[in-house]
>>> print(open('entry08.cif').read())   # mmCIF, C-alpha atoms
data_protein
#
loop_
_atom_site.label_atom_id
_atom_site.label_comp_id
_atom_site.auth_asym_id
_atom_site.auth_seq_id
_atom_site.Cartn_x
_atom_site.Cartn_y
_atom_site.Cartn_z
CA MET A 1 18.12 13.57 154.67
CA ILE A 2 17.33 14.14 158.32
CA THR A 3 17.40 17.61 159.92
CA PHE A 4 20.75 17.00 161.63
CA GLN A 5 22.36 16.22 158.25
CA LEU A 6 20.69 19.26 156.66
CA ILE A 7 22.21 21.53 159.32
CA PHE A 8 25.68 20.08 159.82
CA ILE A 9 26.76 18.91 156.36
CA PRO A 10 26.45 22.45 154.84
CA LEU A 11 28.21 23.87 157.92
CA LEU A 12 31.12 21.46 157.53
CA LEU A 13 31.33 22.16 153.80
CA LEU A 14 31.45 25.88 154.57
CA LEU A 15 34.39 25.19 156.87
CA VAL A 16 36.08 23.27 154.04
CA VAL A 17 35.60 26.24 151.69
CA TRP A 18 36.88 28.60 154.41
CA ASP A 19 40.05 26.57 154.91
CA ILE A 20 40.64 26.09 151.17
CA ALA A 21 40.44 29.87 150.72
CA ARG A 22 43.07 30.35 153.44
CA LEU A 23 45.25 27.51 152.14
CA PHE A 24 46.62 29.71 149.37
CA GLN A 25 47.18 32.84 151.43
CA PRO A 26 50.80 33.83 152.10
CA HIS A 27 52.25 32.56 155.43
CA SER A 28 49.50 29.94 155.64
CA ARG A 29 50.35 26.82 157.65
CA ARG A 30 49.44 24.46 154.81
CA SER A 31 49.85 21.14 156.63
CA TYR A 32 47.59 22.44 159.42
CA ARG A 33 44.98 23.66 156.92
CA LEU A 34 45.06 20.37 155.00
CA MET A 35 44.59 18.46 158.25
CA ARG A 36 41.55 20.59 159.11
CA ILE A 37 40.07 20.12 155.64
CA GLY A 38 40.52 16.37 156.05
CA VAL A 39 38.77 16.37 159.43
CA TRP A 40 35.78 18.38 158.08
CA LEU A 41 35.43 16.12 155.04
CA VAL A 42 35.58 12.92 157.10
CA ALA A 43 33.03 14.35 159.55
CA ALA A 44 30.71 15.39 156.70
CA GLY A 45 31.06 11.95 155.08
CA LEU A 46 30.28 10.14 158.32
CA ILE A 47 27.24 12.32 158.98
CA TYR A 48 26.01 11.77 155.42
CA ASN A 49 26.45 8.01 155.66
CA PRO A 50 26.57 6.82 159.31
CA ASP A 51 26.79 3.20 158.18
CA ILE A 52 30.45 3.80 157.32
CA THR A 53 31.38 3.95 161.02
CA GLY A 54 29.46 0.72 161.62
CA ARG A 55 31.35 -1.05 158.85
CA VAL A 56 34.73 0.26 160.03
CA ALA A 57 33.82 -0.73 163.61
CA ARG A 58 33.06 -4.29 162.58
CA VAL A 59 36.33 -4.50 160.63
CA VAL A 60 38.32 -3.60 163.78
CA GLY A 61 36.26 -5.89 166.01
CA ILE A 62 33.94 -3.32 167.63
CA THR A 63 30.25 -4.09 167.27
CA ARG A 64 28.76 -0.62 166.99
CA GLY A 65 29.84 2.46 165.07
CA THR A 66 28.96 4.74 167.99
CA ASP A 67 31.37 2.77 170.21
CA LEU A 68 34.13 3.35 167.66
CA VAL A 69 33.44 7.10 167.71
CA VAL A 70 33.49 7.14 171.53
CA TYR A 71 36.80 5.21 171.65
CA LEU A 72 38.40 7.54 169.12
CA PHE A 73 37.14 10.54 171.09
CA MET A 74 38.61 9.10 174.29
CA LEU A 75 41.96 8.69 172.57
CA ALA A 76 41.86 12.17 171.06
CA VAL A 77 41.00 14.08 174.25
CA PRO A 78 44.27 13.42 176.15
CA VAL A 79 46.31 14.12 173.02
CA VAL A 80 44.56 17.45 172.45
CA LEU A 81 44.79 18.39 176.15
CA PHE A 82 48.51 17.66 176.26
CA HIS A 83 49.00 19.66 173.05
CA LEU A 84 47.16 22.62 174.61
CA TYR A 85 49.14 22.28 177.84
CA ALA A 86 52.41 22.25 175.91
CA LYS A 87 51.31 25.38 174.02
CA GLN A 88 50.42 27.13 177.28
CA PHE A 89 53.77 26.06 178.72
CA ALA A 90 55.62 27.57 175.74
CA ILE A 91 53.61 30.81 175.88
CA GLN A 92 54.35 31.12 179.60
CA ARG A 93 58.07 30.71 178.92
CA ASP A 94 57.96 33.51 176.33
CA LEU A 95 56.03 35.75 178.71
CA VAL A 96 58.60 35.13 181.43
CA ILE A 97 61.44 36.09 179.07
CA LEU A 98 59.69 39.39 178.30
CA ALA A 99 58.98 40.09 181.99
CA ARG A 100 62.59 39.38 182.94
CA ARG A 101 63.97 41.67 180.23
CA ASP A 102 61.62 44.44 181.33
CA ALA A 103 62.67 44.05 184.98
CA ILE A 104 66.39 44.30 184.19
CA ARG A 105 65.87 47.26 181.84
CA HIS A 106 64.01 49.16 184.56
CA ALA A 107 66.22 48.28 187.56
CA GLU A 108 65.91 50.94 190.26
CA PRO A 109 68.35 51.80 193.02
CA GLY A 110 66.79 51.91 196.47
CA GLU A 111 67.24 54.83 198.86
CA GLY A 112 70.86 55.38 199.88
CA LEU A 113 72.35 52.95 197.37
CA HIS A 114 75.89 53.93 196.36
CA LEU A 115 76.15 53.15 192.69
CA ASP A 116 79.96 53.10 192.66
CA GLY A 117 80.46 50.18 195.00
CA PRO A 118 78.81 47.69 197.33
CA SER A 119 75.39 48.92 198.32
CA GLN A 120 76.15 49.32 202.01
CA SER A 121 79.69 50.67 201.81
CA MET B 1 86.62 33.16 190.41
CA PRO B 2 88.43 35.33 193.00
CA PRO B 3 91.81 34.08 194.22
CA ALA B 4 92.01 32.11 197.46
CA ASN B 5 91.47 33.81 200.83
CA ILE B 6 90.29 37.06 199.30
CA PRO B 7 88.48 39.27 201.85
CA LEU B 8 84.73 39.05 201.47
CA ALA B 9 84.46 42.79 200.89
CA ASN B 10 86.54 42.46 197.72
CA ALA B 11 84.85 39.35 196.40
CA ASN B 12 81.97 41.18 194.71
CA VAL B 13 79.23 39.17 196.38
CA TRP B 14 75.64 39.72 195.30
CA ILE B 15 72.63 38.54 197.31
CA VAL B 16 69.56 37.83 195.16
CA VAL B 17 66.26 38.04 197.05
CA PRO B 18 63.15 36.94 195.13
CA ALA B 19 60.04 38.45 196.71
CA TYR B 20 56.37 37.93 195.97
CA ASN B 21 53.82 39.62 198.22
CA GLU B 22 56.31 39.80 201.10
CA GLN B 23 55.11 43.11 202.52
CA PRO B 24 54.86 41.89 206.14
CA ARG B 25 58.23 40.10 206.14
CA LEU B 26 60.52 41.94 203.73
CA GLU B 27 61.37 44.78 206.08
CA LYS B 28 62.77 42.36 208.66
CA SER B 29 64.74 40.40 206.03
CA LEU B 30 66.27 43.47 204.40
CA SER B 31 67.16 45.16 207.68
CA THR B 32 69.32 42.15 208.57
CA LEU B 33 70.80 41.87 205.08
CA VAL B 34 71.95 45.44 204.48
CA GLY B 35 75.16 46.49 206.13
CA GLY B 36 77.23 43.52 204.97
CA PRO B 37 80.09 43.60 202.45
CA TRP B 38 77.83 42.67 199.56
CA ASN B 39 75.31 44.02 197.09
CA VAL B 40 71.65 43.13 197.41
CA VAL B 41 69.17 42.85 194.56
CA VAL B 42 65.50 42.36 195.37
CA VAL B 43 63.43 40.94 192.52
CA ASP B 44 59.78 41.77 193.08
CA ASP B 45 57.96 39.02 191.23
CA GLY B 46 54.85 40.96 190.27
CA SER B 47 53.65 41.56 193.83
CA THR B 48 50.25 43.11 194.34
CA ASP B 49 51.05 44.46 197.81
CA ARG B 50 53.65 47.07 198.91
CA THR B 51 56.69 44.78 198.47
CA HIS B 52 58.22 47.02 195.80
CA GLU B 53 57.73 50.18 197.84
CA ILE B 54 59.31 48.61 200.94
CA ALA B 55 62.30 47.34 198.98
CA ARG B 56 62.88 50.83 197.56
CA ARG B 57 63.43 52.18 201.11
CA TYR B 58 66.64 50.16 201.46
CA PRO B 59 70.07 50.57 199.82
CA VAL B 60 69.48 47.70 197.44
CA TRP B 61 68.78 47.25 193.74
CA VAL B 62 65.09 46.71 193.04
CA LEU B 63 63.84 44.90 189.95
CA LYS B 64 60.18 44.28 189.26
CA HIS B 65 58.50 41.71 187.05
CA PRO B 66 55.35 43.26 185.53
CA VAL B 67 53.50 40.00 186.21
CA ASN B 68 54.05 37.10 188.59
CA CYS B 69 56.43 34.69 186.86
CA GLY B 70 57.59 32.40 189.65
CA GLN B 71 60.56 32.13 191.96
CA GLY B 72 62.76 30.43 189.37
CA ALA B 73 62.21 33.29 186.94
CA ALA B 74 62.83 35.88 189.67
CA LEU B 75 66.12 34.27 190.60
CA LYS B 76 67.22 34.10 186.98
CA THR B 77 66.43 37.80 186.59
CA GLY B 78 68.52 38.53 189.68
CA PHE B 79 71.36 36.32 188.42
CA ASP B 80 71.46 38.05 185.04
CA PHE B 81 71.44 41.49 186.65
CA ALA B 82 74.20 40.54 189.10
CA LEU B 83 76.33 39.02 186.33
CA GLU B 84 75.87 42.16 184.21
CA ASN B 85 77.19 44.14 187.16
CA GLY B 86 80.29 42.01 187.61
CA ALA B 87 79.21 39.63 190.38
CA GLU B 88 81.81 36.98 191.24
CA VAL B 89 79.71 35.23 193.88
CA ILE B 90 75.90 35.07 193.98
CA VAL B 91 73.84 34.07 197.00
CA THR B 92 70.14 33.18 196.88
CA TYR B 93 68.23 34.27 199.96
CA ASP B 94 64.51 33.98 200.70
CA ALA B 95 62.60 37.18 201.44
CA ASP B 96 60.36 35.66 204.10
CA GLY B 97 62.82 35.84 206.98
CA GLN B 98 63.47 32.10 207.26
CA HIS B 99 67.21 32.50 206.71
CA ASP B 100 69.83 33.98 209.00
CA ALA B 101 71.98 36.68 207.39
CA ARG B 102 74.77 35.95 209.89
CA GLU B 103 75.33 32.66 208.06
CA ILE B 104 76.05 34.25 204.69
CA GLU B 105 79.76 34.48 205.37
CA ALA B 106 80.03 30.74 206.16
CA LEU B 107 78.01 29.97 203.04
CA VAL B 108 80.08 32.16 200.75
CA THR B 109 83.58 31.47 202.05
CA PRO B 110 84.12 28.08 200.29
CA VAL B 111 83.20 29.73 196.96
CA VAL B 112 85.28 32.84 197.60
CA ASN B 113 88.28 30.69 198.51
CA GLY B 114 87.88 28.61 195.36
CA GLU B 115 87.20 25.42 197.28
CA VAL B 116 83.96 24.67 195.36
CA ASP B 117 81.70 26.43 192.85
CA VAL B 118 78.40 25.86 194.63
CA VAL B 119 77.54 25.80 198.32
CA LEU B 120 74.11 24.47 199.27
CA GLY B 121 72.61 25.27 202.63
CA SER B 122 71.25 22.29 204.55
CA ARG B 123 68.71 22.65 207.33
CA PHE B 124 69.19 18.98 208.20
CA LEU B 125 72.91 19.54 208.85
CA GLY B 126 72.09 22.74 210.70
CA GLU B 127 69.03 23.62 212.73
CA THR B 128 65.35 24.14 212.12
CA TYR B 129 62.85 25.86 214.35
CA ASP B 130 59.13 25.11 214.36
CA MET B 131 59.16 22.91 211.26
CA PRO B 132 55.85 21.02 210.91
CA TRP B 133 56.13 17.24 210.55
CA SER B 134 54.35 17.36 207.18
CA ARG B 135 57.06 19.67 205.83
CA TRP B 136 59.75 17.41 207.29
CA ALA B 137 58.20 14.38 205.55
CA ILE B 138 57.85 16.13 202.19
CA LEU B 139 61.45 17.39 202.33
CA LYS B 140 62.72 13.92 203.15
CA ALA B 141 60.70 12.47 200.26
CA GLY B 142 62.19 15.18 198.04
CA ILE B 143 65.67 14.05 199.02
CA VAL B 144 64.91 10.47 197.90
CA PHE B 145 63.18 11.69 194.72
CA THR B 146 66.12 13.94 193.84
CA LYS B 147 68.62 11.16 194.44
CA TYR B 148 66.95 8.95 191.82
CA PHE B 149 65.59 11.64 189.47
CA SER B 150 68.58 14.01 189.38
CA GLY B 151 71.33 11.64 190.48
CA ILE B 152 72.61 13.77 193.33
CA SER B 153 72.73 12.73 196.97
CA LEU B 154 72.11 15.60 199.39
CA THR B 155 70.77 16.08 202.89
CA ASP B 156 68.49 18.97 201.83
CA THR B 157 67.32 19.45 198.26
CA HIS B 158 64.97 22.44 198.38
CA ASN B 159 66.80 24.95 200.52
CA GLY B 160 66.70 28.49 199.15
CA PHE B 161 69.95 29.48 200.84
CA ARG B 162 72.78 28.82 198.36
CA ALA B 163 75.98 30.39 197.03
CA PHE B 164 77.33 30.13 193.49
CA SER B 165 80.50 31.19 191.77
CA ARG B 166 80.17 33.28 188.63
CA SER B 167 81.24 30.37 186.42
CA ALA B 168 78.65 28.08 188.03
CA ILE B 169 75.84 30.56 187.39
CA GLU B 170 77.00 31.01 183.80
CA GLN B 171 76.72 27.25 183.26
CA ILE B 172 73.46 26.59 185.10
CA GLN B 173 70.45 27.10 182.83
CA ILE B 174 67.17 27.64 184.64
CA THR B 175 64.22 26.94 182.36
CA HIS B 176 61.53 26.27 184.97
CA PRO B 177 60.03 29.60 186.03
CA ARG B 178 58.33 28.21 189.14
CA MET B 179 59.44 26.05 192.04
CA ALA B 180 60.75 23.15 189.94
CA TYR B 181 63.80 25.33 189.27
CA ALA B 182 65.32 24.09 192.56
CA SER B 183 65.54 20.54 191.26
CA GLU B 184 66.70 21.84 187.91
CA ILE B 185 69.65 23.60 189.56
CA LEU B 186 70.71 20.29 191.09
CA GLU B 187 70.36 18.53 187.72
CA GLU B 188 72.50 21.21 186.12
CA ILE B 189 75.16 20.82 188.81
CA VAL B 190 75.34 17.11 187.99
CA ARG B 191 75.18 17.64 184.21
CA HIS B 192 78.07 20.12 184.17
CA GLY B 193 80.08 18.36 186.87
CA ILE B 194 80.14 21.52 188.98
CA SER B 195 81.88 21.11 192.35
CA TYR B 196 79.62 21.58 195.37
CA LYS B 197 79.34 21.10 199.09
CA GLU B 198 76.66 21.41 201.73
CA VAL B 199 76.99 23.60 204.80
CA PRO B 200 74.72 23.71 207.84
CA VAL B 201 72.22 26.57 207.93
CA THR B 202 69.39 27.58 210.21
CA ILE B 203 65.79 27.78 209.03
CA THR B 204 63.18 29.38 211.24
CA TYR B 205 59.56 28.69 210.37
CA SER B 206 56.75 30.88 211.56
CA ARG B 207 52.99 30.67 211.16
CA GLU B 208 53.15 33.52 208.64
CA THR B 209 55.81 31.95 206.44
CA LEU B 210 54.07 28.58 206.53
CA THR B 211 50.75 30.15 205.57
CA LYS B 212 52.22 32.19 202.76
CA GLY B 213 54.83 29.67 201.61
CA GLN B 214 54.42 26.53 199.57
CA SER B 215 51.97 23.97 200.82
CA SER B 216 53.22 20.45 201.19
CA TRP B 217 51.03 19.48 198.21
CA GLU B 218 53.15 21.81 196.07
CA ALA B 219 55.64 18.93 195.88
CA PHE B 220 53.28 17.09 193.53
CA ARG B 221 52.95 20.12 191.28
CA ILE B 222 56.74 20.54 191.21
CA THR B 223 57.09 16.89 190.17
CA GLY B 224 54.56 17.44 187.39
CA HIS B 225 56.39 20.52 186.14
CA LEU B 226 59.71 18.70 186.20
CA LEU B 227 58.38 15.78 184.19
CA THR B 228 56.57 18.03 181.70
CA GLY B 229 59.60 20.28 181.32
CA ARG B 230 61.80 17.28 180.69
CA TYR B 231 59.42 16.01 178.01
CA LEU B 232 59.14 19.40 176.31
CA ARG B 233 62.85 20.26 176.49
#
>>> encode(input="entry08.cif", output="structure tokens")
Amino acid sequence: MITFQLIFIPLLLLLVVWDIARLFQPHSRRSYRLMRIGVWLVAAGLIYNPDITGRVARVVGITRGTDLVVYLFMLAVPVVLFHLYAKQFAIQRDLVILARRDAIRHAEPGEGLHLDGPSQS
Amino acid sequence: MPPANIPLANANVWIVVPAYNEQPRLEKSLSTLVGGPWNVVVVDDGSTDRTHEIARRYPVWVLKHPVNCGQGAALKTGFDFALENGAEVIVTYDADGQHDAREIEALVTPVVNGEVDVVLGSRFLGETYDMPWSRWAILKAGIVFTKYFSGISLTDTHNGFRAFSRSAIEQIQITHPRMAYASEILEEIVRHGISYKEVPVTITYSRETLTKGQSSWEAFRITGHLLTGRYLR
């Protein structure tokens, strides 16, 4: 084993153990945890045996395994960025709802406002 | 909706003024607005200057967002507050002094008389002063974009001077907190088949309002928000 494998394979396996432990906790998002476990295991497998990517690459018509990894990464980046943007968009909407409620709850009359009719009457 | 030919003073008109860092301009806008037969609600959209303090000096309702949420959100807050207080007609009015308060009556009358549910101000039917050519070009492009994107043919699509009946506001759902709300309002008008008309209004640009207001590049951001919002809806 090379140094890189000695460092990263145990780290990835620790992440697998971490996610398995949380998989059985109440309110755990199981599909999300299972997906993460899958990603860590695939990464650990590919680091342990880099020839796998080369073989898969040749099957799909790409010469080198590293090219396959780069292509997959290029596909994944926009998907992840859009997912994050959508999350941020949703959080902003929730924040706006809270801010609007707060503003209405704390409405203040300005100086000289007659509360029983039109403000300038 | 109020019955036809009701006097404006009895129509329960509310003017909603969204304001974000409008300290230098708000005083002038409010001094021309107060005194009419309507209620005014200023929604301070998380300003960091003295906008809130200035608004409090006038006989108007003042609402404050704890953080900056955007003009669409500020208007929605004002709409909800006005509806809660029995508004029958709601007018949107910019805080930066670009609009002319003397034109409110002409804007509101078709709604008050039950002729239509929405009246949209048009600077291209009325007059503009000191409008830069870049703004003119962007607004014209917006008209074409709106025609194909929202399916509504207007002479001015992003004019902040508008009047709505209560029923129109109850139907129109604003989900975009920032500037894309203006296009969303038009989409909602089409979607619900709400009756509308355009009336001429006057817009006066100044160096201050142009510096503080949206840049012409904002149009691209609005388009992005519209497309994203449509995808995420």
>>> residues_near_point(input="entry08.cif", point="(65.4, 27.1, 211.4)", cutoff="7 Å", atoms="only C-alpha atoms", output="list in words")
Gln98, Arg123, Glu127, Thr128, Tyr129, Thr202, Ile203, Thr204 and Tyr205 of chain B
>>> interface_residues(input="entry08.cif", of="chain B", to="chain A", cutoff="6 Å", atoms="all atoms listed in the file", output="number ranges by chain")
B: 35, 38-39, 56-66, 69, 77
>>> atom_distance(input="entry08.cif", atom1="CA of Tyr32 (chain A)", atom2="CA of Val77 (chain A)")
18.3 Å
>>> axis_aligned_box(input="entry08.cif", around="region 9-14 of chain B", padding_each_side="3 Å", output="AutoDock Vina command-line options")
--center_x 81.1 --center_y 41.0 --center_z 197.8 --size_x 16.9 --size_y 9.6 --size_z 12.2
>>> atom_distance(input="entry08.cif", atom1="CA of Leu26 (chain B)", atom2="CA of Asp96 (chain B)")
6.3 Å
>>> atom_distance(input="entry08.cif", atom1="CA of Asn68 (chain B)", atom2="CA of Ile138 (chain B)")
25.3 Å
>>> resolve_selection(input="entry08.cif", expression="the PyMOL selection byres ((chain B and resi 153) around 12)", output="PDB file with C-alpha atoms, in the coordinates of the input")
ATOM      1  CA  LYS B 140      62.720  13.920 203.150  1.00  0.00           C
ATOM      2  CA  GLY B 142      62.190  15.180 198.040  1.00  0.00           C
ATOM      3  CA  ILE B 143      65.670  14.050 199.020  1.00  0.00           C
ATOM      4  CA  VAL B 144      64.910  10.470 197.900  1.00  0.00           C
ATOM      5  CA  PHE B 145      63.180  11.690 194.720  1.00  0.00           C
ATOM      6  CA  THR B 146      66.120  13.940 193.840  1.00  0.00           C
ATOM      7  CA  LYS B 147      68.620  11.160 194.440  1.00  0.00           C
ATOM      8  CA  TYR B 148      66.950   8.950 191.820  1.00  0.00           C
ATOM      9  CA  PHE B 149      65.590  11.640 189.470  1.00  0.00           C
ATOM     10  CA  SER B 150      68.580  14.010 189.380  1.00  0.00           C
ATOM     11  CA  GLY B 151      71.330  11.640 190.480  1.00  0.00           C
ATOM     12  CA  ILE B 152      72.610  13.770 193.330  1.00  0.00           C
ATOM     13  CA  LEU B 154      72.110  15.600 199.390  1.00  0.00           C
ATOM     14  CA  THR B 155      70.770  16.080 202.890  1.00  0.00           C
ATOM     15  CA  ASP B 156      68.490  18.970 201.830  1.00  0.00           C
ATOM     16  CA  THR B 157      67.320  19.450 198.260  1.00  0.00           C
ATOM     17  CA  LEU B 186      70.710  20.290 191.090  1.00  0.00           C
ATOM     18  CA  GLU B 187      70.360  18.530 187.720  1.00  0.00           C
ATOM     19  CA  ILE B 189      75.160  20.820 188.810  1.00  0.00           C
ATOM     20  CA  VAL B 190      75.340  17.110 187.990  1.00  0.00           C
ATOM     21  CA  TYR B 196      79.620  21.580 195.370  1.00  0.00           C
ATOM     22  CA  LYS B 197      79.340  21.100 199.090  1.00  0.00           C
ATOM     23  CA  GLU B 198      76.660  21.410 201.730  1.00  0.00           C
TER      24      GLU B 198
END
>>> residues_near_point(input="entry08.cif", point="(29.7, 18.2, 154.8)", cutoff="10 Å", atoms="all atoms listed in the file", output="PDB file with C-alpha atoms, in the coordinates of the input")
ATOM      1  CA  GLN A   5      22.360  16.220 158.250  1.00  0.00           C
ATOM      2  CA  LEU A   6      20.690  19.260 156.660  1.00  0.00           C
ATOM      3  CA  ILE A   7      22.210  21.530 159.320  1.00  0.00           C
ATOM      4  CA  PHE A   8      25.680  20.080 159.820  1.00  0.00           C
ATOM      5  CA  ILE A   9      26.760  18.910 156.360  1.00  0.00           C
ATOM      6  CA  PRO A  10      26.450  22.450 154.840  1.00  0.00           C
ATOM      7  CA  LEU A  11      28.210  23.870 157.920  1.00  0.00           C
ATOM      8  CA  LEU A  12      31.120  21.460 157.530  1.00  0.00           C
ATOM      9  CA  LEU A  13      31.330  22.160 153.800  1.00  0.00           C
ATOM     10  CA  LEU A  14      31.450  25.880 154.570  1.00  0.00           C
ATOM     11  CA  LEU A  15      34.390  25.190 156.870  1.00  0.00           C
ATOM     12  CA  VAL A  16      36.080  23.270 154.040  1.00  0.00           C
ATOM     13  CA  TRP A  40      35.780  18.380 158.080  1.00  0.00           C
ATOM     14  CA  LEU A  41      35.430  16.120 155.040  1.00  0.00           C
ATOM     15  CA  VAL A  42      35.580  12.920 157.100  1.00  0.00           C
ATOM     16  CA  ALA A  43      33.030  14.350 159.550  1.00  0.00           C
ATOM     17  CA  ALA A  44      30.710  15.390 156.700  1.00  0.00           C
ATOM     18  CA  GLY A  45      31.060  11.950 155.080  1.00  0.00           C
ATOM     19  CA  LEU A  46      30.280  10.140 158.320  1.00  0.00           C
ATOM     20  CA  ILE A  47      27.240  12.320 158.980  1.00  0.00           C
ATOM     21  CA  TYR A  48      26.010  11.770 155.420  1.00  0.00           C
TER      22      TYR A  48
END
>>> closest_residue(input="entry08.cif", among="B:Pro24, B:Pro18, B:Pro132, B:Gly36", to="Gly78 (chain B)", atoms="all atoms listed in the file")
B:Pro18
>>> residues_around(input="entry08.cif", residues="Asn159 (chain B)", least_positions_apart="4", cutoff="9 Å", atoms="all atoms listed in the file", output="list in words")
Leu120, Gly121, Ser122, Arg123 and Ala182 of chain B
>>> decode(input="entry08.cif", residues="region 66-78 of chain B", atoms="N, CA and C atoms", output="PDB file, in the first residue's frame")
ATOM      1  N   PRO B  66     -36.599  43.156   9.755  1.00  0.00           N
ATOM      2  CA  PRO B  66     -35.346  43.133  10.536  1.00  0.00           C
ATOM      3  C   PRO B  66     -34.108  42.987   9.661  1.00  0.00           C
ATOM      4  N   VAL B  67     -34.276  42.415   8.482  1.00  0.00           N
ATOM      5  CA  VAL B  67     -33.154  42.303   7.531  1.00  0.00           C
ATOM      6  C   VAL B  67     -33.670  42.693   6.153  1.00  0.00           C
ATOM      7  N   ASN B  68     -32.759  43.005   5.259  1.00  0.00           N
ATOM      8  CA  ASN B  68     -33.147  43.375   3.900  1.00  0.00           C
ATOM      9  C   ASN B  68     -33.656  42.128   3.157  1.00  0.00           C
ATOM     10  N   CYS B  69     -34.909  42.210   2.714  1.00  0.00           N
ATOM     11  CA  CYS B  69     -35.517  41.041   2.055  1.00  0.00           C
ATOM     12  C   CYS B  69     -35.759  41.268   0.573  1.00  0.00           C
ATOM     13  N   GLY B  70     -35.828  42.506   0.147  1.00  0.00           N
ATOM     14  CA  GLY B  70     -36.113  42.789  -1.262  1.00  0.00           C
ATOM     15  C   GLY B  70     -37.433  43.525  -1.423  1.00  0.00           C
ATOM     16  N   GLN B  71     -37.543  44.205  -2.570  1.00  0.00           N
ATOM     17  CA  GLN B  71     -38.731  45.044  -2.780  1.00  0.00           C
ATOM     18  C   GLN B  71     -40.013  44.216  -2.893  1.00  0.00           C
ATOM     19  N   GLY B  72     -39.911  43.045  -3.505  1.00  0.00           N
ATOM     20  CA  GLY B  72     -41.092  42.185  -3.623  1.00  0.00           C
ATOM     21  C   GLY B  72     -41.617  41.797  -2.257  1.00  0.00           C
ATOM     22  N   ALA B  73     -40.711  41.435  -1.358  1.00  0.00           N
ATOM     23  CA  ALA B  73     -41.106  41.052  -0.001  1.00  0.00           C
ATOM     24  C   ALA B  73     -41.693  42.251   0.742  1.00  0.00           C
ATOM     25  N   ALA B  74     -41.092  43.419   0.557  1.00  0.00           N
ATOM     26  CA  ALA B  74     -41.580  44.628   1.243  1.00  0.00           C
ATOM     27  C   ALA B  74     -43.004  44.964   0.784  1.00  0.00           C
ATOM     28  N   LEU B  75     -43.237  44.837  -0.505  1.00  0.00           N
ATOM     29  CA  LEU B  75     -44.580  45.118  -1.010  1.00  0.00           C
ATOM     30  C   LEU B  75     -45.584  44.114  -0.460  1.00  0.00           C
ATOM     31  N   LYS B  76     -45.193  42.855  -0.417  1.00  0.00           N
ATOM     32  CA  LYS B  76     -46.111  41.827   0.089  1.00  0.00           C
ATOM     33  C   LYS B  76     -46.455  42.087   1.551  1.00  0.00           C
ATOM     34  N   THR B  77     -45.450  42.519   2.310  1.00  0.00           N
ATOM     35  CA  THR B  77     -45.700  42.870   3.718  1.00  0.00           C
ATOM     36  C   THR B  77     -46.713  44.016   3.784  1.00  0.00           C
ATOM     37  N   GLY B  78     -46.500  45.024   2.956  1.00  0.00           N
ATOM     38  CA  GLY B  78     -47.428  46.167   2.935  1.00  0.00           C
ATOM     39  C   GLY B  78     -48.826  45.743   2.503  1.00  0.00           C
TER      40      GLY B  78
END
